[in-house]
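The structure file run_35.tsv is reproduced below (TSV, C-alpha atoms).
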```tsv
chain	number	residue	atom	x	y	z
A	1	MET	CA	-26.42	16.60	17.53
A	2	GLY	CA	-29.02	13.89	18.09
A	3	CYS	CA	-28.74	10.14	17.78
A	4	ILE	CA	-30.84	8.86	14.87
A	5	ASN	CA	-32.05	5.84	16.84
A	6	GLU	CA	-33.46	8.11	19.53
A	7	MET	CA	-35.22	10.39	17.07
A	8	LYS	CA	-38.55	9.97	15.38
A	9	TYR	CA	-37.54	8.99	11.86
A	10	GLU	CA	-39.44	7.71	8.88
A	11	VAL	CA	-38.00	5.24	6.38
A	12	LEU	CA	-39.15	6.39	2.93
A	13	LEU	CA	-37.21	3.78	0.94
A	14	SER	CA	-35.25	0.77	2.10
A	15	LYS	CA	-32.57	-1.55	0.73
A	16	ILE	CA	-32.09	0.35	-2.51
A	17	THR	CA	-28.95	1.10	-4.49
A	18	PHE	CA	-27.21	4.40	-4.04
A	19	ARG	CA	-28.05	5.34	-7.62
A	20	GLU	CA	-31.74	4.75	-6.94
A	21	CYS	CA	-31.46	6.87	-3.83
A	22	ALA	CA	-29.87	9.78	-5.71
A	23	ALA	CA	-32.54	9.55	-8.45
A	24	TYR	CA	-35.34	9.54	-5.86
A	25	LEU	CA	-34.01	12.55	-3.95
A	26	SER	CA	-33.19	14.62	-7.04
A	27	SER	CA	-36.59	14.02	-8.63
A	28	ASN	CA	-38.80	14.39	-5.54
A	29	TYR	CA	-37.43	17.39	-3.68
A	30	SER	CA	-37.19	20.89	-5.06
A	31	GLU	CA	-34.97	22.08	-2.25
A	32	LEU	CA	-31.87	20.00	-2.68
A	33	TYR	CA	-28.31	20.16	-1.39
A	34	THR	CA	-25.18	18.16	-2.05
A	35	VAL	CA	-22.80	17.05	0.68
A	36	GLN	CA	-19.42	15.36	0.61
A	37	PRO	CA	-18.97	11.71	1.61
A	38	GLY	CA	-18.35	11.63	5.36
A	39	TYR	CA	-20.65	14.61	6.02
A	40	ARG	CA	-21.96	14.36	9.58
A	41	MET	CA	-25.74	14.12	9.81
A	42	PHE	CA	-27.03	13.78	13.38
A	43	ASP	CA	-24.70	11.11	14.83
A	44	VAL	CA	-23.84	9.36	11.56
A	45	PHE	CA	-21.46	10.02	8.69
A	46	ILE	CA	-23.00	9.94	5.24
A	47	ILE	CA	-21.72	7.14	3.02
A	48	GLY	CA	-22.16	7.45	-0.70
A	49	VAL	CA	-21.07	8.15	-4.23
A	50	PRO	CA	-20.91	11.87	-5.08
A	51	PRO	CA	-23.06	13.77	-5.75
A	52	ILE	CA	-24.79	12.90	-2.47
A	53	TYR	CA	-28.17	14.61	-2.39
A	54	VAL	CA	-29.97	15.73	0.75
A	55	GLY	CA	-33.53	17.03	0.44
A	56	VAL	CA	-35.37	19.57	2.55
A	57	ASP	CA	-39.14	19.68	2.82
A	58	GLY	CA	-40.33	22.24	5.35
A	59	ASP	CA	-38.77	21.25	8.67
A	60	ASN	CA	-37.95	17.76	7.40
A	61	ILE	CA	-34.54	16.67	6.22
A	62	ILE	CA	-34.36	13.71	3.84
A	63	PHE	CA	-31.06	11.90	3.39
A	64	PRO	CA	-29.38	8.59	2.46
A	65	TYR	CA	-28.30	6.18	5.17
A	66	THR	CA	-26.15	3.25	4.07
A	67	LYS	CA	-25.45	0.05	6.00
A	68	PRO	CA	-22.97	-2.60	4.75
A	69	CYS	CA	-25.43	-5.50	4.88
A	70	HIS	CA	-28.68	-3.79	3.94
A	71	GLY	CA	-27.83	-1.21	1.29
A	72	THR	CA	-29.14	2.32	1.31
A	73	PHE	CA	-32.19	3.71	3.07
A	74	VAL	CA	-33.82	7.10	2.61
A	75	LEU	CA	-34.72	8.61	5.99
A	76	ARG	CA	-36.87	11.62	6.83
A	77	ILE	CA	-36.41	13.38	10.17
A	78	ASN	CA	-37.97	16.56	11.47
A	79	SER	CA	-35.03	18.73	12.49
A	80	PRO	CA	-34.91	22.48	11.87
A	81	GLU	CA	-31.50	22.52	13.60
A	82	GLU	CA	-29.97	20.03	11.18
A	83	ILE	CA	-31.50	21.89	8.23
A	84	GLU	CA	-29.98	25.12	9.46
A	85	ARG	CA	-26.56	23.47	9.63
A	86	LEU	CA	-27.05	21.95	6.18
A	87	LYS	CA	-27.85	25.34	4.70
A	88	ARG	CA	-24.68	26.77	6.21
A	89	THR	CA	-22.36	23.96	5.18
A	90	ALA	CA	-23.69	22.30	2.02
A	91	SER	CA	-24.11	23.35	-1.61
A	92	LYS	CA	-27.60	24.11	-2.82
A	93	VAL	CA	-28.34	22.56	-6.21
A	94	LYS	CA	-31.85	23.76	-7.00
A	95	LYS	CA	-33.95	26.75	-6.17
A	96	SER	CA	-37.06	26.07	-4.11
A	97	ARG	CA	-40.13	25.96	-6.26
A	98	ALA	CA	-42.99	28.22	-5.23
A	99	LYS	CA	-45.87	26.12	-3.99
B	100	MET	CA	-4.49	11.14	16.30
B	101	ASP	CA	-2.48	8.99	13.91
B	102	ILE	CA	-2.76	5.21	14.13
B	103	THR	CA	1.01	4.60	14.05
B	104	ASN	CA	4.27	6.49	14.32
B	105	GLY	CA	6.10	6.66	11.05
B	106	THR	CA	5.34	3.21	9.64
B	107	PRO	CA	3.14	2.93	6.54
B	108	LYS	CA	-0.50	2.55	7.44
B	109	ALA	CA	-3.25	0.53	5.82
B	110	ILE	CA	-6.92	0.40	6.64
B	111	ILE	CA	-9.06	-2.50	5.46
B	112	LEU	CA	-12.78	-1.79	5.38
B	113	LEU	CA	-14.81	-4.99	5.54
B	114	GLY	CA	-18.23	-5.28	4.00
B	115	CYS	CA	-21.17	-7.38	5.13
B	116	PRO	CA	-19.68	-10.78	6.03
B	117	GLU	CA	-22.32	-12.88	4.28
B	118	VAL	CA	-20.00	-13.99	1.46
B	119	PRO	CA	-17.60	-16.64	2.78
B	120	VAL	CA	-14.37	-15.53	1.06
B	121	GLN	CA	-14.22	-12.12	2.73
B	122	THR	CA	-12.78	-13.25	6.08
B	123	SER	CA	-10.01	-15.43	4.70
B	124	LEU	CA	-9.05	-12.88	2.03
B	125	ALA	CA	-8.93	-10.12	4.64
B	126	ILE	CA	-6.52	-12.19	6.75
B	127	TYR	CA	-4.50	-13.10	3.66
B	128	LEU	CA	-4.25	-9.40	2.72
B	129	THR	CA	-3.37	-8.45	6.29
B	130	ASP	CA	-0.55	-11.01	6.34
B	131	LEU	CA	0.91	-9.64	3.09
B	132	LEU	CA	0.80	-6.10	4.45
B	133	ASN	CA	2.20	-7.12	7.85
B	134	LYS	CA	5.14	-8.83	6.14
B	135	SER	CA	5.80	-5.62	4.21
B	136	GLY	CA	6.12	-3.67	7.46
B	137	VAL	CA	2.73	-1.99	7.18
B	138	HIS	CA	0.51	-1.31	10.19
B	139	VAL	CA	-2.90	-2.74	9.36
B	140	ARG	CA	-6.18	-1.73	10.94
B	141	ILE	CA	-9.22	-3.80	10.04
B	142	ALA	CA	-12.55	-2.03	10.32
B	143	GLY	CA	-15.92	-3.68	10.08
B	144	ASN	CA	-19.22	-4.21	11.77
B	145	LYS	CA	-19.44	-6.46	14.83
B	146	ALA	CA	-20.03	-9.68	12.91
B	147	ALA	CA	-17.27	-9.05	10.37
B	148	LEU	CA	-14.74	-8.28	13.11
B	149	GLU	CA	-15.83	-11.27	15.17
B	150	LEU	CA	-15.22	-13.51	12.14
B	151	VAL	CA	-11.67	-12.28	11.58
B	152	SER	CA	-10.75	-12.33	15.26
B	153	THR	CA	-12.23	-15.82	15.72
B	154	ALA	CA	-10.23	-17.05	12.73
B	155	ASP	CA	-7.07	-15.63	14.30
B	156	PRO	CA	-7.59	-16.20	18.04
B	157	ALA	CA	-3.99	-15.51	19.02
B	158	GLY	CA	-3.95	-12.23	17.11
B	159	TYR	CA	-1.04	-13.40	15.01
B	160	TYR	CA	-2.31	-11.61	11.89
B	161	VAL	CA	-5.09	-9.35	13.16
B	162	ARG	CA	-3.47	-6.83	15.48
B	163	ASP	CA	-5.68	-3.75	15.25
B	164	THR	CA	-9.41	-3.61	14.68
B	165	ALA	CA	-12.00	-0.83	14.80
B	166	ASP	CA	-15.69	-0.31	14.34
B	167	LEU	CA	-16.62	0.56	10.74
B	168	ASP	CA	-18.81	3.58	11.52
B	169	ALA	CA	-16.27	4.93	14.02
B	170	THR	CA	-13.53	4.56	11.41
B	171	ILE	CA	-15.50	6.49	8.79
B	172	GLY	CA	-16.08	9.18	11.41
B	173	ALA	CA	-12.39	9.27	12.31
B	174	LEU	CA	-11.42	9.54	8.64
B	175	ALA	CA	-14.00	12.27	8.05
B	176	SER	CA	-12.78	14.28	11.03
B	177	LYS	CA	-9.14	13.69	9.99
B	178	GLU	CA	-8.30	12.01	13.30
B	179	VAL	CA	-7.11	9.00	11.30
B	180	ASP	CA	-5.56	8.68	7.86
B	181	CYS	CA	-3.70	5.99	5.96
B	182	ASP	CA	-1.39	5.37	3.02
B	183	ILE	CA	-3.60	2.71	1.49
B	184	CYS	CA	-7.21	1.75	2.08
B	185	TYR	CA	-8.63	-1.51	0.78
B	186	VAL	CA	-12.39	-1.85	0.70
B	187	PHE	CA	-14.01	-5.28	0.43
B	188	ILE	CA	-17.04	-5.12	-1.85
B	189	HIS	CA	-19.73	-7.58	-2.83
B	190	ASN	CA	-22.78	-5.33	-3.00
B	191	ASP	CA	-23.88	-1.81	-3.88
B	192	ALA	CA	-23.19	-0.55	-0.35
B	193	GLY	CA	-19.57	-1.59	-0.76
B	194	VAL	CA	-19.20	0.70	-3.77
B	195	SER	CA	-20.56	3.54	-1.65
B	196	TYR	CA	-17.99	2.78	1.04
B	197	LEU	CA	-15.18	2.76	-1.53
B	198	ALA	CA	-16.33	6.13	-2.95
B	199	THR	CA	-16.48	7.50	0.59
B	200	ALA	CA	-13.04	6.20	1.53
B	201	SER	CA	-11.60	7.61	-1.72
B	202	ALA	CA	-12.94	11.03	-0.77
B	203	LEU	CA	-11.60	10.89	2.79
B	204	VAL	CA	-8.22	9.14	2.64
B	205	SER	CA	-5.11	11.07	1.61
B	206	GLY	CA	-3.43	7.88	0.34
B	207	GLU	CA	-4.58	5.38	-2.26
B	208	CYS	CA	-7.84	3.45	-2.20
B	209	ALA	CA	-8.74	0.26	-3.98
B	210	GLY	CA	-11.75	-2.02	-3.98
B	211	ILE	CA	-11.42	-5.78	-3.65
B	212	ILE	CA	-14.55	-7.04	-5.35
B	213	PHE	CA	-15.87	-10.58	-5.01
B	214	GLY	CA	-19.15	-12.47	-5.01
B	215	ASN	CA	-21.65	-13.22	-7.74
B	216	SER	CA	-21.94	-9.59	-8.90
B	217	ALA	CA	-18.19	-8.93	-9.05
B	218	GLN	CA	-18.19	-8.05	-12.74
B	219	SER	CA	-21.04	-5.52	-12.66
B	220	LEU	CA	-19.83	-3.96	-9.40
B	221	GLY	CA	-16.36	-3.70	-10.90
B	222	GLU	CA	-17.72	-1.92	-13.96
B	223	GLN	CA	-19.64	0.42	-11.66
B	224	CYS	CA	-16.36	1.26	-9.90
B	225	ASP	CA	-14.56	1.68	-13.24
B	226	ASN	CA	-17.22	4.17	-14.35
B	227	LEU	CA	-16.71	6.14	-11.14
B	228	GLY	CA	-12.93	6.11	-11.54
B	229	LEU	CA	-12.47	3.91	-8.46
B	230	ALA	CA	-9.49	1.53	-8.60
B	231	ASN	CA	-10.35	-2.10	-8.03
B	232	ILE	CA	-9.41	-5.73	-8.48
B	233	ARG	CA	-12.14	-8.31	-8.88
B	234	ALA	CA	-13.05	-11.93	-9.40
B	235	ARG	CA	-16.25	-13.93	-9.08
B	236	ALA	CA	-15.15	-15.63	-5.86
B	237	VAL	CA	-17.87	-16.74	-3.45
B	238	HIS	CA	-16.77	-19.85	-1.55
B	239	ASN	CA	-13.26	-20.31	-2.93
B	240	PRO	CA	-10.87	-17.38	-2.47
B	241	ARG	CA	-8.32	-18.68	-4.97
B	242	PRO	CA	-9.42	-16.48	-7.94
B	243	LEU	CA	-8.59	-13.35	-5.95
B	244	LYS	CA	-5.45	-14.44	-4.11
B	245	SER	CA	-2.98	-13.81	-6.93
B	246	ARG	CA	-4.64	-10.49	-7.76
B	247	ILE	CA	-4.38	-9.36	-4.15
B	248	LEU	CA	-0.73	-10.44	-4.05
B	249	SER	CA	0.01	-8.47	-7.26
B	250	GLU	CA	-1.86	-5.45	-5.94
B	251	VAL	CA	0.04	-5.40	-2.64
B	252	GLU	CA	3.36	-5.88	-4.45
B	253	ARG	CA	2.48	-2.99	-6.77
B	254	TRP	CA	1.53	-0.69	-3.91
B	255	VAL	CA	4.55	-1.59	-1.74
B	256	ALA	CA	6.86	-0.99	-4.73
B	257	SER	CA	5.22	2.39	-5.34
B	258	THR	CA	6.08	3.49	-1.79
B	259	LYS	CA	9.83	2.76	-2.13
```
Whole structure, structure tokens version:
Amino acid sequence: MGCINEMKYEVLLSKITFRECAAYLSSNYSELYTVQPGYRMFDVFIIGVPPIYVGVDGDNIIFPYTKPCHGTFVLRINSPEEIERLKRTASKVKKSRAK
Amino acid sequence: MDITNGTPKAIILLGCPEVPVQTSLAIYLTDLLNKSGVHVRIAGNKAALELVSTADPAGYYVRDTADLDATIGALASKEVDCDICYVFIHNDAGVSYLATASALVSGECAGIIFGNSAQSLGEQCDNLGLANIRARAVHNPRPLKSRILSEVERWVASTK
């Protein structure tokens, strides 16, 4: 499991509320999963108010990352391995839309 | 690995230390719990922990500290658990930490909400079914002291 700081990540949204994060993920990604608070993603544990959404877009995984002083960020990281683990361990909430 | 042997355990999760009352209220809460025979671990980021340890240089009140992220990881992996978890909240991230702690801890969880947005954050917690006490305390901790005392007395009585 990789360390986020050592990976190539993209910050899609920064310093938002968790509610804004959930709304963004649920309305922008057709392939969506829910995870429990404390779910391990790379080297971090997901902080949040259930339902915690995690999006998948191709080989990219999109997820919330919360820091005490800066609020919630939405990160996108290319990681087929993490997506594979997500599919095995999380609940899918929407069917993928045909493109 | 448990954090104590047999004695009641409390974990205090500190938020961002930018609001002045957090440090003194955390030490006040720790003292109340210590006096009740509870093992207290304070978890926070580097700055939050440095503030509490600097305010108590001899470690008279603050006896056990841990990194916030490591504590969440330990709770998630069930290496650590506690009988009561208090989460200090003054922003949206704090509510997320309280929801997370509530999902991970086998004991009780309660938010201690302060700062300028205490009322709206408290209502947010109420709507999520998250127990909390709150007051609009920023520089002066007094509005929350009696509520923290009542809360600790309530919890200690509930464990007897």
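Distances here use all atoms listed in the file; by that measure, the residue among B:Arg233, B:Lys177, B:Arg246, B:Arg253 closest to chain A is B:Lys177.
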Inset, instruction - Identify every residue of chain A that has at least one atom within 7 Å of any atom of chain B, counting only C-alpha atoms, and report the result as a PyMOL selection string. - result: chain A and resi 17+37-38+45+47-49+66-69+71-72
Inset, instruction - Counting all atoms listed in the file, write as a list in words all protein and nucleic acid residues lying at most 8 Å from (-6.0, 0.6, 14.3) in the file's frame. - result: Ile102, Ile110, His138, Val139, Arg140, Ile141, Arg162, Asp163, Thr164 and Ala165 of chain B
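Atom pair CA of Glu31 (chain A) / CA of Pro80 (chain A): separated by 14.1 Å.
Distances from B:Gln121, B:Thr106, B:Ser249, B:Ser205 to Val186 (chain B) were compared using all atoms listed in the file, and the smallest one belongs to B:Gln121.
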Legend entry - Distance in Å - CA of Val151 (chain B) versus CA of Val120 (chain B): 11.3 Å
Inset, instruction - Grab the CA of Phe187 (chain B) to CA of Ile212 (chain B) distance for me, in Å with one decimal place. - result: 6.1 Å
Legend entry - From A:Ile52, A:Ile77, A:Val44, A:Cys3, residue lying nearest Arg19 (chain A) [all atoms listed in the file]: A:Ile52
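Considering all atoms listed in the file, the residue among A:Leu75, A:Val35, A:Val56, A:Ile46 positioned nearest to Thr89 (chain A) is A:Val35.
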